[in-house]
Amino acid sequence: MVADRILRKLLVRKHWEKLFTFTDTVDYFNLLNTFGTVFALHYNSEKPRWTLKKMSWTVYRTCYLLSYLSYCYKACWMFSNWEYSTASANVLGALGLCSGALLRLVLVELNYPTIRKLQAFLNDRTYLNQDRWARNQRSKLYRYNNRFLVVLISAITVESLCFLAFLLLTRPEFMLQYNGRVLGGSAVQMVYGMVTACWGIIYVLSFIGFYMLLAGFRLEMELLVRSFQQLEETQQLNYEMICTMEHQDEKNYWNKLQAELTIRIKRHVELLENLRIFRSIVAPFAFLQYYCTFGLIADSFFVVSFEGFTGYSMAYVLFASFLILESLLLCRGVEDLNDLNRQIGTILYNFDWPRRLRFSIRYRAEYRNVRRTILLVILQSQQSLRFSYGAHGEISMHSFAELMQKSYSMLTFMLQLQN
């Protein structure tokens, strides 16, 4: 018995350490996809056919849908028997949260093949694979993503358990009801409350999936910036030799320069193409993110303004903090991507190409091709990546500031309404 217990502990410890040990074949998104299966975001399996395990998981997910329909029914009944109270705000807030999580879940399901394609692209680490700095940065990203995922899921789980204890099992509006009457015993309400609490975890977990993709693209863009800086350093070293080159040496110089530029530009094109695909699925997600965040923050402020800062209202404050953190990370990540893309053009623009590239009659075609290529990269890199909230403006720190300003105005209005 003791030996078996020790063996199980060693296996758990080995599996835990594996989550934070980077290798060339490790999957950045393995832990995320595991959590996605656990919390009914998506069934992660390579087998397309139906199995008993997948059928059981489908039944498990159906419980979420049934709980959502129960909140739709409670909202309809509440509107037919309207009372201006925090109970009404609780039902509307819970329905808004579940609706936002459900829409995110649908968005993930509809775009899951595209998401897996993007994950596969980011898991392909052949570019700069031999660069020690690049390997260290990818290792840091892997550990950071998994720690961020574990910490955030742990935090939202604890917050959901507090929500379950202080609200879901004590307030009738959060319980299973029919015509305003609570149905079932404590066991039924416990299961119903746990499913309701898991909607909040789904809401946050879906964001983490998009954020990890964003972090992966940001790192790959950072590595590309470094490779252009290395190109500049290489040309600075070769500059002393240019004027004394013989015919064959100069030919090799132009061939090598064009080859190095081609590798970097090809990588830049690949990144921009995959970012275009990523942008197409981020737009509806960001639209939901912006307006669901504003609506749920408004509902939280409504409860806080009428209930005051109590243990009951603090659960709303904590969840509103998660929503604000989501918006901040999304806006900051997109702005970092745009800055890194522009930095590529800045590096090429600031490099003293007129002096570094000696014009040669014999190699004037190569000279013009290189200069034309550099100018095209500079022009391309100065354009915005155009991540937007659907058709409602670009994602940036400015849009985050607007969200905070609107939220503050909403809080001020509610406090004045209370007085």
# chains A, B, ... in the order shown; residues from 1 in each chain; ligands from 1

call {"tool": "select_by_dssp", "arguments": {"residues": "region 7-117 of chain A", "states": "alpha helix (DSSP H)", "output": "JSON, numbers by chain"}}
result
{"A": [7, 8, 9, 10, 11, 12, 13, 14, 15, 16, 17, 18, 30, 31, 32, 33, 34, 35, 36, 37, 38, 52, 53, 54, 55, 56, 57, 58, 59, 60, 61, 62, 63, 64, 65, 66, 67, 68, 69, 70, 71, 72, 73, 74, 75, 76, 77, 78, 79, 80, 86, 87, 88, 89, 90, 91, 92, 93, 94, 95, 96, 97, 98, 99, 100, 101, 102, 103, 104, 105, 106, 107, 108, 109, 110, 112, 113, 114, 115, 116, 117]}

call {"tool": "residues_around", "arguments": {"residues": "Arg267 (chain A)", "least_positions_apart": "3", "cutoff": "10 Å", "atoms": "only C-alpha atoms", "output": "list in words"}}
result
Tyr127, Glu220, Met221, Leu224, Leu261, Thr262, Ile263, Arg264, Glu270, Leu271, Leu272 and Glu273 of chain A

call {"tool": "closest_residue", "arguments": {"among": "A:Trp57, A:Gln230, A:Leu95, A:Met397", "to": "Cys72 (chain A)", "atoms": "only C-alpha atoms"}}
result
A:Leu95

call {"tool": "residues_around", "arguments": {"residues": "region 402-414 of chain A", "least_positions_apart": "5", "cutoff": "8 Å", "atoms": "only C-alpha atoms", "output": "list in words"}}
result
Tyr290, Phe294, Ile297, Ala298, Phe301, Phe302 and Ser305 of chain A

call {"tool": "closest_residue", "arguments": {"among": "A:Glu366, A:Asp299, A:Asp339, A:Glu394", "to": "Ala286 (chain A)", "atoms": "only C-alpha atoms"}}
result
A:Glu394

call {"tool": "select_by_dssp", "arguments": {"residues": "region 143-218 of chain A", "states": "strand (DSSP E)", "output": "VMD selection string"}}
result
chain A and resid 177 to 178 181 to 182

call {"tool": "closest_residue", "arguments": {"among": "A:Tyr253, A:Phe210, A:Tyr68, A:Phe278", "to": "Ala101 (chain A)", "atoms": "only C-alpha atoms"}}
result
A:Tyr68

call {"tool": "residues_around", "arguments": {"residues": "Gly393 (chain A)", "least_positions_apart": "5", "cutoff": "12 Å", "atoms": "only C-alpha atoms", "output": "PDB file with C-alpha atoms, in the first residue's frame"}}
result
ATOM      1  CA  ALA A 283     -13.253  39.940 -34.670  1.00  0.00           C
ATOM      2  CA  ALA A 286     -13.666  40.661 -29.533  1.00  0.00           C
ATOM      3  CA  PHE A 287     -17.123  42.036 -30.343  1.00  0.00           C
ATOM      4  CA  TYR A 290     -16.312  44.229 -25.508  1.00  0.00           C
ATOM      5  CA  ARG A 386      -6.361  45.680 -38.323  1.00  0.00           C
ATOM      6  CA  PHE A 387      -7.663  43.637 -35.417  1.00  0.00           C
ATOM      7  CA  SER A 388     -11.125  45.035 -34.818  1.00  0.00           C
ATOM      8  CA  HIS A 398      -7.413  53.329 -26.637  1.00  0.00           C
ATOM      9  CA  SER A 399     -10.458  51.039 -26.947  1.00  0.00           C
ATOM     10  CA  PHE A 400      -9.674  49.623 -23.493  1.00  0.00           C
ATOM     11  CA  GLU A 402     -12.968  53.816 -23.710  1.00  0.00           C
TER      12      GLU A 402
END

call {"tool": "closest_residue", "arguments": {"among": "A:Phe319, A:Ala165, A:Phe22, A:Gly180", "to": "Asn81 (chain A)", "atoms": "only C-alpha atoms"}}
result
A:Gly180

call {"tool": "atom_distance", "arguments": {"atom1": "CA of Ser160 (chain A)", "atom2": "CA of Ala197 (chain A)"}}
result
5.2 Å

call {"tool": "residues_around", "arguments": {"residues": "Pro284 (chain A)", "least_positions_apart": "6", "cutoff": "12 Å", "atoms": "only C-alpha atoms", "output": "PyMOL selection string"}}
result
chain A and resi 100+103-104+106-108+110-111+210+278+290-292+387-392+395

call {"tool": "closest_residue", "arguments": {"among": "A:Lys140, A:Arg364, A:Arg371, A:Arg125", "to": "Ala215 (chain A)", "atoms": "only C-alpha atoms"}}
result
A:Lys140

call {"tool": "residues_around", "arguments": {"residues": "Leu149 (chain A)", "least_positions_apart": "6", "cutoff": "9 Å", "atoms": "only C-alpha atoms", "output": "PyMOL selection string"}}
result
chain A and resi 31-32+205+208

call {"tool": "write_last_selection", "arguments": {"atoms": "all heavy atoms", "output": "mmCIF file, in the first residue's frame"}}
result
data_model
loop_
_atom_site.group_PDB
_atom_site.id
_atom_site.type_symbol
_atom_site.label_atom_id
_atom_site.label_comp_id
_atom_site.auth_asym_id
_atom_site.auth_seq_id
_atom_site.Cartn_x
_atom_site.Cartn_y
_atom_site.Cartn_z
ATOM 1 N N LEU A 31 -2.273 21.407 -22.360
ATOM 2 C CA LEU A 31 -2.989 21.627 -21.105
ATOM 3 C C LEU A 31 -4.290 22.400 -21.339
ATOM 4 O O LEU A 31 -5.322 22.105 -20.724
ATOM 5 C CB LEU A 31 -2.095 22.371 -20.116
ATOM 6 C CG LEU A 31 -2.663 22.578 -18.705
ATOM 7 C CD1 LEU A 31 -2.975 21.243 -18.048
ATOM 8 C CD2 LEU A 31 -1.690 23.370 -17.842
ATOM 9 N N LEU A 32 -4.237 23.381 -22.232
ATOM 10 C CA LEU A 32 -5.441 24.146 -22.563
ATOM 11 C C LEU A 32 -6.521 23.238 -23.129
ATOM 12 O O LEU A 32 -7.697 23.321 -22.723
ATOM 13 C CB LEU A 32 -5.093 25.246 -23.568
ATOM 14 C CG LEU A 32 -6.282 25.992 -24.173
ATOM 15 C CD1 LEU A 32 -6.942 26.873 -23.123
ATOM 16 C CD2 LEU A 32 -5.841 26.819 -25.377
ATOM 17 N N LEU A 205 -12.172 30.468 -19.723
ATOM 18 C CA LEU A 205 -11.315 29.518 -20.436
ATOM 19 C C LEU A 205 -11.300 29.784 -21.935
ATOM 20 O O LEU A 205 -10.253 29.653 -22.582
ATOM 21 C CB LEU A 205 -11.791 28.091 -20.153
ATOM 22 C CG LEU A 205 -10.953 26.958 -20.756
ATOM 23 C CD1 LEU A 205 -9.543 26.989 -20.200
ATOM 24 C CD2 LEU A 205 -11.596 25.607 -20.482
ATOM 25 N N ILE A 208 -8.844 32.460 -22.552
ATOM 26 C CA ILE A 208 -7.452 32.021 -22.416
ATOM 27 C C ILE A 208 -6.981 31.351 -23.701
ATOM 28 O O ILE A 208 -5.825 31.521 -24.119
ATOM 29 C CB ILE A 208 -7.304 31.067 -21.213
ATOM 30 C CG1 ILE A 208 -7.662 31.787 -19.910
ATOM 31 C CG2 ILE A 208 -5.880 30.538 -21.114
ATOM 32 C CD1 ILE A 208 -7.651 30.887 -18.690
#

call {"tool": "atom_distance", "arguments": {"atom1": "CA of Arg147 (chain A)", "atom2": "CA of Phe207 (chain A)"}}
result
15.4 Å
